[in-house]
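To be precise, the following lines are input-v8.pdb, and they hold PDB, C-alpha atoms and all ligand atoms.
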ATOM      1  CA  MET A   1     -13.624  27.744  -2.163
ATOM      2  CA  LEU A   2     -10.423  25.758  -2.349
ATOM      3  CA  GLN A   3     -11.291  24.749  -5.894
ATOM      4  CA  THR A   4     -10.875  28.370  -6.975
ATOM      5  CA  PHE A   5      -7.420  28.693  -5.468
ATOM      6  CA  THR A   6      -4.682  29.607  -7.926
ATOM      7  CA  VAL A   7      -1.154  30.636  -7.112
ATOM      8  CA  ASN A   8      -0.038  34.119  -8.110
ATOM      9  CA  TRP A   9       3.484  33.045  -9.092
ATOM     10  CA  THR A  10       5.084  31.254 -11.989
ATOM     11  CA  ALA A  11       8.054  29.619 -10.278
ATOM     12  CA  MET A  12       7.779  27.194  -7.396
ATOM     13  CA  ALA A  13      10.607  28.886  -5.530
ATOM     14  CA  GLU A  14       8.242  31.806  -4.900
ATOM     15  CA  GLY A  15       5.565  29.739  -3.155
ATOM     16  CA  THR A  16       4.604  30.081   0.502
ATOM     17  CA  ALA A  17       3.587  27.475   3.058
ATOM     18  CA  HIS A  18      -0.018  28.590   2.596
ATOM     19  CA  ASP A  19       0.247  28.078  -1.157
ATOM     20  CA  TYR A  20       1.636  24.600  -0.782
ATOM     21  CA  GLU A  21      -0.987  23.601   1.772
ATOM     22  CA  ASN A  22      -3.675  24.592  -0.711
ATOM     23  CA  LEU A  23      -1.910  22.953  -3.652
ATOM     24  CA  ASP A  24      -1.460  19.764  -1.660
ATOM     25  CA  ALA A  25      -5.143  19.695  -0.724
ATOM     26  CA  LEU A  26      -6.185  20.248  -4.350
ATOM     27  CA  TYR A  27      -3.874  17.523  -5.563
ATOM     28  CA  ARG A  28      -5.052  15.039  -2.948
ATOM     29  CA  ASP A  29      -8.672  15.767  -3.782
ATOM     30  CA  HIS A  30      -7.977  15.329  -7.487
ATOM     31  CA  THR A  31      -6.161  12.049  -6.907
ATOM     32  CA  ALA A  32      -8.836  10.708  -4.598
ATOM     33  CA  ASN A  33     -11.484  11.343  -7.225
ATOM     34  CA  LEU A  34      -9.648  10.237 -10.324
ATOM     35  CA  LEU A  35      -7.047   7.608  -9.497
ATOM     36  CA  VAL A  36      -9.392   4.628  -9.647
ATOM     37  CA  PRO A  37     -11.224   5.815 -12.803
ATOM     38  CA  HIS A  38      -7.831   6.302 -14.459
ATOM     39  CA  LEU A  39      -6.665   2.855 -13.392
ATOM     40  CA  LEU A  40      -9.845   1.251 -14.670
ATOM     41  CA  ALA A  41      -9.664   3.130 -17.979
ATOM     42  CA  THR A  42      -6.075   1.993 -18.405
ATOM     43  CA  PHE A  43      -7.047  -1.539 -17.465
ATOM     44  CA  LYS A  44      -9.692  -1.520 -20.200
ATOM     45  CA  MET A  45      -6.932  -0.774 -22.706
ATOM     46  CA  LEU A  46      -5.837  -4.392 -22.269
ATOM     47  CA  GLU A  47      -9.004  -5.366 -24.110
ATOM     48  CA  GLY A  48      -8.844  -6.469 -27.712
ATOM     49  CA  PRO A  49      -5.772  -8.080 -29.209
ATOM     50  CA  THR A  50      -5.218 -11.655 -28.052
ATOM     51  CA  LEU A  51      -1.654 -11.637 -29.387
ATOM     52  CA  GLY A  52      -1.806 -15.341 -30.196
ATOM     53  CA  TYR A  53      -3.346 -16.495 -26.929
ATOM     54  CA  GLN A  54      -6.960 -17.634 -26.738
ATOM     55  CA  ILE A  55      -8.107 -14.654 -24.665
ATOM     56  CA  ASP A  56      -7.092 -11.009 -24.443
ATOM     57  CA  ARG A  57      -5.056  -9.533 -21.614
ATOM     58  CA  GLU A  58      -8.050  -7.866 -19.984
ATOM     59  CA  ARG A  59      -9.702 -11.234 -19.561
ATOM     60  CA  HIS A  60      -6.411 -12.847 -18.553
ATOM     61  CA  SER A  61      -6.154 -10.261 -15.786
ATOM     62  CA  ARG A  62      -9.740 -10.791 -14.602
ATOM     63  CA  GLN A  63      -9.113 -14.513 -14.644
ATOM     64  CA  SER A  64      -6.067 -13.997 -12.456
ATOM     65  CA  ALA A  65      -8.061 -11.876  -9.996
ATOM     66  CA  THR A  66     -10.998 -14.285 -10.025
ATOM     67  CA  ARG A  67      -8.786 -17.237  -9.165
ATOM     68  CA  ALA A  68      -7.123 -15.225  -6.401
ATOM     69  CA  LEU A  69     -10.519 -14.197  -5.007
ATOM     70  CA  ARG A  70     -11.880 -17.741  -5.095
ATOM     71  CA  ASN A  71      -8.720 -18.970  -3.428
ATOM     72  CA  GLY A  72      -9.368 -16.689  -0.467
ATOM     73  CA  GLU A  73      -6.509 -14.259  -1.080
ATOM     74  CA  SER A  74      -6.547 -10.867   0.652
ATOM     75  CA  ASP A  75      -8.281  -7.901  -0.947
ATOM     76  CA  GLU A  76      -4.973  -6.249  -1.830
ATOM     77  CA  PHE A  77      -3.667  -9.434  -3.393
ATOM     78  CA  VAL A  78      -6.798  -9.821  -5.516
ATOM     79  CA  VAL A  79      -6.421  -6.227  -6.702
ATOM     80  CA  ALA A  80      -2.735  -6.821  -7.389
ATOM     81  CA  ALA A  81      -3.660  -9.866  -9.445
ATOM     82  CA  LEU A  82      -6.190  -7.797 -11.373
ATOM     83  CA  LEU A  83      -3.634  -5.082 -12.156
ATOM     84  CA  HIS A  84      -0.507  -7.223 -12.523
ATOM     85  CA  ASP A  85      -0.287  -6.642 -16.283
ATOM     86  CA  ILE A  86      -1.592  -3.056 -16.409
ATOM     87  CA  GLY A  87       1.947  -1.878 -17.133
ATOM     88  CA  ASP A  88       1.707  -3.512 -20.556
ATOM     89  CA  VAL A  89      -0.234  -0.480 -21.751
ATOM     90  CA  LEU A  90       2.603   1.987 -21.224
ATOM     91  CA  ALA A  91       5.740  -0.023 -20.534
ATOM     92  CA  PRO A  92       5.808  -3.302 -22.453
ATOM     93  CA  GLU A  93       9.512  -3.825 -21.739
ATOM     94  CA  ASN A  94       9.193  -3.541 -17.963
ATOM     95  CA  HIS A  95       5.488  -3.932 -17.286
ATOM     96  CA  SER A  96       6.020  -5.658 -13.941
ATOM     97  CA  GLU A  97       7.889  -2.687 -12.500
ATOM     98  CA  VAL A  98       5.194  -0.267 -13.585
ATOM     99  CA  ALA A  99       2.408  -2.312 -12.007
ATOM    100  CA  ALA A 100       4.465  -2.626  -8.830
ATOM    101  CA  ALA A 101       5.076   1.132  -8.737
ATOM    102  CA  ILE A 102       1.346   1.793  -9.063
ATOM    103  CA  LEU A 103       0.531  -0.605  -6.236
ATOM    104  CA  ALA A 104       3.458   0.097  -3.916
ATOM    105  CA  PRO A 105       1.986   2.967  -1.853
ATOM    106  CA  TYR A 106      -1.202   1.006  -1.186
ATOM    107  CA  VAL A 107      -0.173  -2.604  -0.542
ATOM    108  CA  SER A 108       2.333  -4.596   1.498
ATOM    109  CA  ASP A 109       5.995  -5.006   0.649
ATOM    110  CA  GLU A 110       5.383  -8.642  -0.173
ATOM    111  CA  THR A 111       2.568  -7.941  -2.632
ATOM    112  CA  THR A 112       4.651  -5.219  -4.258
ATOM    113  CA  TRP A 113       7.622  -7.573  -4.545
ATOM    114  CA  VAL A 114       5.505 -10.311  -6.110
ATOM    115  CA  ILE A 115       4.126  -7.987  -8.767
ATOM    116  CA  ARG A 116       7.507  -6.349  -9.407
ATOM    117  CA  HIS A 117       9.129  -9.703 -10.125
ATOM    118  CA  HIS A 118       6.272 -11.641 -11.687
ATOM    119  CA  GLY A 119       7.548 -11.103 -15.243
ATOM    120  CA  LEU A 120      10.898 -12.685 -14.459
ATOM    121  CA  PHE A 121       9.346 -15.503 -12.453
ATOM    122  CA  GLN A 122       6.843 -16.149 -15.233
ATOM    123  CA  GLY A 123       9.839 -16.744 -17.487
ATOM    124  CA  TYR A 124      10.168 -20.136 -15.827
ATOM    125  CA  TYR A 125       7.453 -21.291 -18.219
ATOM    126  CA  TYR A 126       9.010 -20.106 -21.475
ATOM    127  CA  PHE A 127      12.407 -18.360 -21.329
ATOM    128  CA  HIS A 128      14.175 -21.617 -22.269
ATOM    129  CA  TYR A 129      12.180 -21.809 -25.506
ATOM    130  CA  LEU A 130      13.563 -18.442 -26.527
ATOM    131  CA  GLY A 131      17.188 -19.086 -25.735
ATOM    132  CA  GLY A 132      16.994 -17.788 -22.178
ATOM    133  CA  ASP A 133      17.301 -19.307 -18.734
ATOM    134  CA  ARG A 134      14.045 -20.471 -17.214
ATOM    135  CA  ASP A 135      15.702 -20.421 -13.803
ATOM    136  CA  ALA A 136      16.738 -16.785 -14.081
ATOM    137  CA  ARG A 137      14.400 -16.133 -11.149
ATOM    138  CA  ASP A 138      16.676 -18.161  -8.903
ATOM    139  CA  ARG A 139      18.882 -15.123  -8.458
ATOM    140  CA  TYR A 140      16.198 -14.184  -5.914
ATOM    141  CA  ARG A 141      16.284 -17.554  -4.138
ATOM    142  CA  GLU A 142      17.215 -15.882  -0.867
ATOM    143  CA  SER A 143      14.285 -13.492  -0.929
ATOM    144  CA  PRO A 144      11.567 -14.156   1.655
ATOM    145  CA  HIS A 145       9.090 -13.507  -1.153
ATOM    146  CA  TYR A 146      10.489 -16.014  -3.650
ATOM    147  CA  ASP A 147       7.929 -18.729  -2.973
ATOM    148  CA  ARG A 148       5.023 -16.299  -2.941
ATOM    149  CA  CYS A 149       6.038 -14.971  -6.335
ATOM    150  CA  ALA A 150       6.560 -18.453  -7.780
ATOM    151  CA  ASP A 151       3.151 -19.445  -6.421
ATOM    152  CA  PHE A 152       1.540 -16.329  -7.908
ATOM    153  CA  CYS A 153       2.832 -17.268 -11.336
ATOM    154  CA  ALA A 154       1.799 -20.906 -10.952
ATOM    155  CA  ALA A 155      -1.689 -20.274  -9.577
ATOM    156  CA  TYR A 156      -2.680 -16.853 -10.923
ATOM    157  CA  ASP A 157      -0.716 -16.110 -14.078
ATOM    158  CA  GLN A 158       0.603 -18.958 -16.245
ATOM    159  CA  ASN A 159      -2.742 -20.776 -15.975
ATOM    160  CA  CYS A 160      -4.968 -17.781 -16.694
ATOM    161  CA  PHE A 161      -5.371 -18.126 -20.442
ATOM    162  CA  ASP A 162      -8.456 -20.338 -20.375
ATOM    163  CA  PRO A 163     -11.384 -19.232 -22.570
ATOM    164  CA  ASP A 164     -13.705 -21.613 -20.706
ATOM    165  CA  TYR A 165     -12.982 -20.325 -17.212
ATOM    166  CA  ASP A 166     -15.895 -18.360 -15.698
ATOM    167  CA  ASP A 167     -13.954 -15.268 -14.740
ATOM    168  CA  LEU A 168     -15.857 -12.508 -12.947
ATOM    169  CA  PRO A 169     -16.757  -9.205 -14.642
ATOM    170  CA  LEU A 170     -14.744  -6.093 -13.809
ATOM    171  CA  ASP A 171     -17.647  -4.612 -11.819
ATOM    172  CA  GLU A 172     -17.156  -7.316  -9.218
ATOM    173  CA  PHE A 173     -13.684  -6.000  -8.490
ATOM    174  CA  VAL A 174     -14.338  -2.256  -8.517
ATOM    175  CA  PRO A 175     -15.276  -2.055  -4.805
ATOM    176  CA  LEU A 176     -12.034  -3.827  -3.932
ATOM    177  CA  VAL A 177     -10.017  -1.497  -6.140
ATOM    178  CA  ASN A 178     -11.661   1.497  -4.475
ATOM    179  CA  GLN A 179     -10.921   0.052  -1.056
ATOM    180  CA  VAL A 180      -7.254  -0.690  -1.721
ATOM    181  CA  PHE A 181      -6.563   2.679  -3.356
ATOM    182  CA  ALA A 182      -8.579   4.705  -0.824
ATOM    183  CA  GLU A 183      -5.570   5.653   1.275
ATOM    184  CA  PRO A 184      -1.850   5.252   0.717
ATOM    185  CA  LYS A 185      -0.101   3.227   3.395
ATOM    186  CA  ARG A 186       3.017   5.307   2.845
ATOM    187  CA  HIS A 187       4.120   8.368   0.976
ATOM    188  CA  TRP A 188       6.983   8.572  -1.464
ATOM    189  CA  ASN A 189       7.828  12.189  -0.707
TER     190      ASN A 189
HETATM  191 FE    FE A 201       2.897 -10.014 -16.717
HETATM  192 FE    FE A 202      -0.123 -12.040 -16.634
END
Can the structure in the file be given as structure tokens, please?
Amino acid sequence: MLQTFTVNWTAMAEGTAHDYENLDALYRDHTANLLVPHLLATFKMLEGPTLGYQIDRERHSRQSATRALRNGESDEFVVAALLHDIGDVLAPENHSEVAAAILAPYVSDETTWVIRHHGLFQGYYYFHYLGGDRDARDRYRESPHYDRCADFCAAYDQNCFDPDYDDLPLDEFVPLVNQVFAEPKRHWN
């Protein structure tokens, strides 16, 4: 019945509480059904070009998640590892921030922070070869999450370009993705 609900106005200012309760329910239902499929479809867009590395970014991401899983990391951290580069698809200049924004409602502050800053921290391995400062990340030295982010890059990012590593298939991670995105821990508005 709710699925047939349609407002009878054309400007939000005219809506009633009843309208917005119905709209909210429809939106939540839509999100619950489609968020994970959309994330996985976007993730699959990392497949293909290797961009000079030995594996593509989809496999790099699964390798990251596989190492995190095998290292006994939490479910949310494994999912964060899997999705840490998903922002590449739509925001190549600030991919870390996009991945962090996607994860933020569903994971801890620390996990969000790690993903938000992983691009800068990853620069430790190559910024100096491109005229930059490999220690640029040290501006966050005082953060309680500094070490976690540095460790993420060391253990689950910079080393995840190995064509011989037996990374797990995406199907292995889908239940975890569903679990982490089942319910937001907090709402943005
Ligand atoms: Fe990245
Ligand atoms: Fe990465």
Translate the PyMOL selection byres (((not hetatm)) within 10 of (chain A and resi 201)), as applied to the file shown, into an explicit residue set as an MDAnalysis selection string. chainID A and resid 57 60:61 81 83:88 92 94:97 99 115:123 153 157:158
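Atom to atom, CA of Ala136 (chain A) and CA of Ala150 (chain A) stand 12.1 Å apart.
Across A:Phe152, A:Phe173, A:Phe127, A:Phe77, the tightest approach to ligand FE 202 (chain A) is made by A:Phe152 when counting all atoms listed in the file.
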Run through the PyMOL selection byres (((chain A and resi 103) around 12) and not hetatm) on the given coordinates and return the selected residues as number ranges by chain. A: 35-36, 39, 76-87, 96-102, 104-116, 177, 180-186
Figure out the distance between CA of Pro163 (chain A) and CA of Ile55 (chain A), please, to one decimal in Å.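 Calculated distance between CA of Ile55 (chain A) and CA of Pro163 (chain A) is 6.0 Å.
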Quick one: residues within 9 Å of (-11.5, -8.4, -14.5) (file frame), counting only C-alpha atoms, please, as a list in words. Phe43, Glu58, Arg59, His60, Ser61, Arg62, Gln63, Ser64, Ala65, Thr66, Leu82, Leu83, Asp167, Leu168, Pro169, Leu170, Asp171, Glu172 and Phe173 of chain A
Please write the residues from the selection above to a file, keeping C-alpha atoms, as a short mmCIF file (atom, residue, chain, number, x, y, z; two decimals), keeping the file's coordinate frame.
data_model
loop_
_atom_site.label_atom_id
_atom_site.label_comp_id
_atom_site.auth_asym_id
_atom_site.auth_seq_id
_atom_site.Cartn_x
_atom_site.Cartn_y
_atom_site.Cartn_z
CA PHE A 43 -7.05 -1.54 -17.46
CA GLU A 58 -8.05 -7.87 -19.98
CA ARG A 59 -9.70 -11.23 -19.56
CA HIS A 60 -6.41 -12.85 -18.55
CA SER A 61 -6.15 -10.26 -15.79
CA ARG A 62 -9.74 -10.79 -14.60
CA GLN A 63 -9.11 -14.51 -14.64
CA SER A 64 -6.07 -14.00 -12.46
CA ALA A 65 -8.06 -11.88 -10.00
CA THR A 66 -11.00 -14.28 -10.02
CA LEU A 82 -6.19 -7.80 -11.37
CA LEU A 83 -3.63 -5.08 -12.16
CA ASP A 167 -13.95 -15.27 -14.74
CA LEU A 168 -15.86 -12.51 -12.95
CA PRO A 169 -16.76 -9.20 -14.64
CA LEU A 170 -14.74 -6.09 -13.81
CA ASP A 171 -17.65 -4.61 -11.82
CA GLU A 172 -17.16 -7.32 -9.22
CA PHE A 173 -13.68 -6.00 -8.49
#
Atom pair CA of Arg148 (chain A) / CA of Tyr126 (chain A): separation (Å):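 Rounded to one decimal, the two atoms are 19.3 Å apart.
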Give the answer as one residue: which of A:Phe5, A:Tyr146, A:Tyr124, A:Phe161 has the shortest atom-to-atom distance to Leu26 (chain A), using all atoms listed in the file?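 When distances to Leu26 (chain A) are compared using all atoms listed in the file, the smallest one comes from A:Phe5.
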Given all atoms listed in the file as the basis, pick out the residue of A:Tyr125, A:Asn178, A:His187, A:Gly48 nearest to Ala32 (chain A).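 Among the listed residues, the smallest separation from Ala32 (chain A) belongs to A:Asn178.
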What are the centre and edge lengths in Å, to one decimal, of the axis-aligned box around all listed atoms of region 48-57 of chain A with 4 Å added on each side, as lines of an AutoDock Vina configuration file?
center_x = -5.2
center_y = -12.1
center_z = -25.9
size_x = 15.2
size_y = 19.2
size_z = 16.6
Could you tell me which of A:Leu23, A:Leu46, A:Arg134, A:Trp188 comes closest to ligand FE 202 (chain A) if we count only C-alpha atoms and all ligand atoms?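 So, comparing all the options, the nearest one is A:Leu46.
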A:Ser74, A:Leu51, A:His18, A:Arg67: which is nearest Tyr165 (chain A), counting all atoms listed in the file?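 With all atoms listed in the file as the atom set, the closest residue is A:Arg67.
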Counting only C-alpha atoms and all ligand atoms, the residue of A:Asp135, A:Asp19, A:Glu142, A:Asp56 that sits nearest ligand FE 202 (chain A):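 Between A:Asp135, A:Asp19, A:Glu142, A:Asp56, the residue approaching ligand FE 202 (chain A) most closely is A:Asp56.
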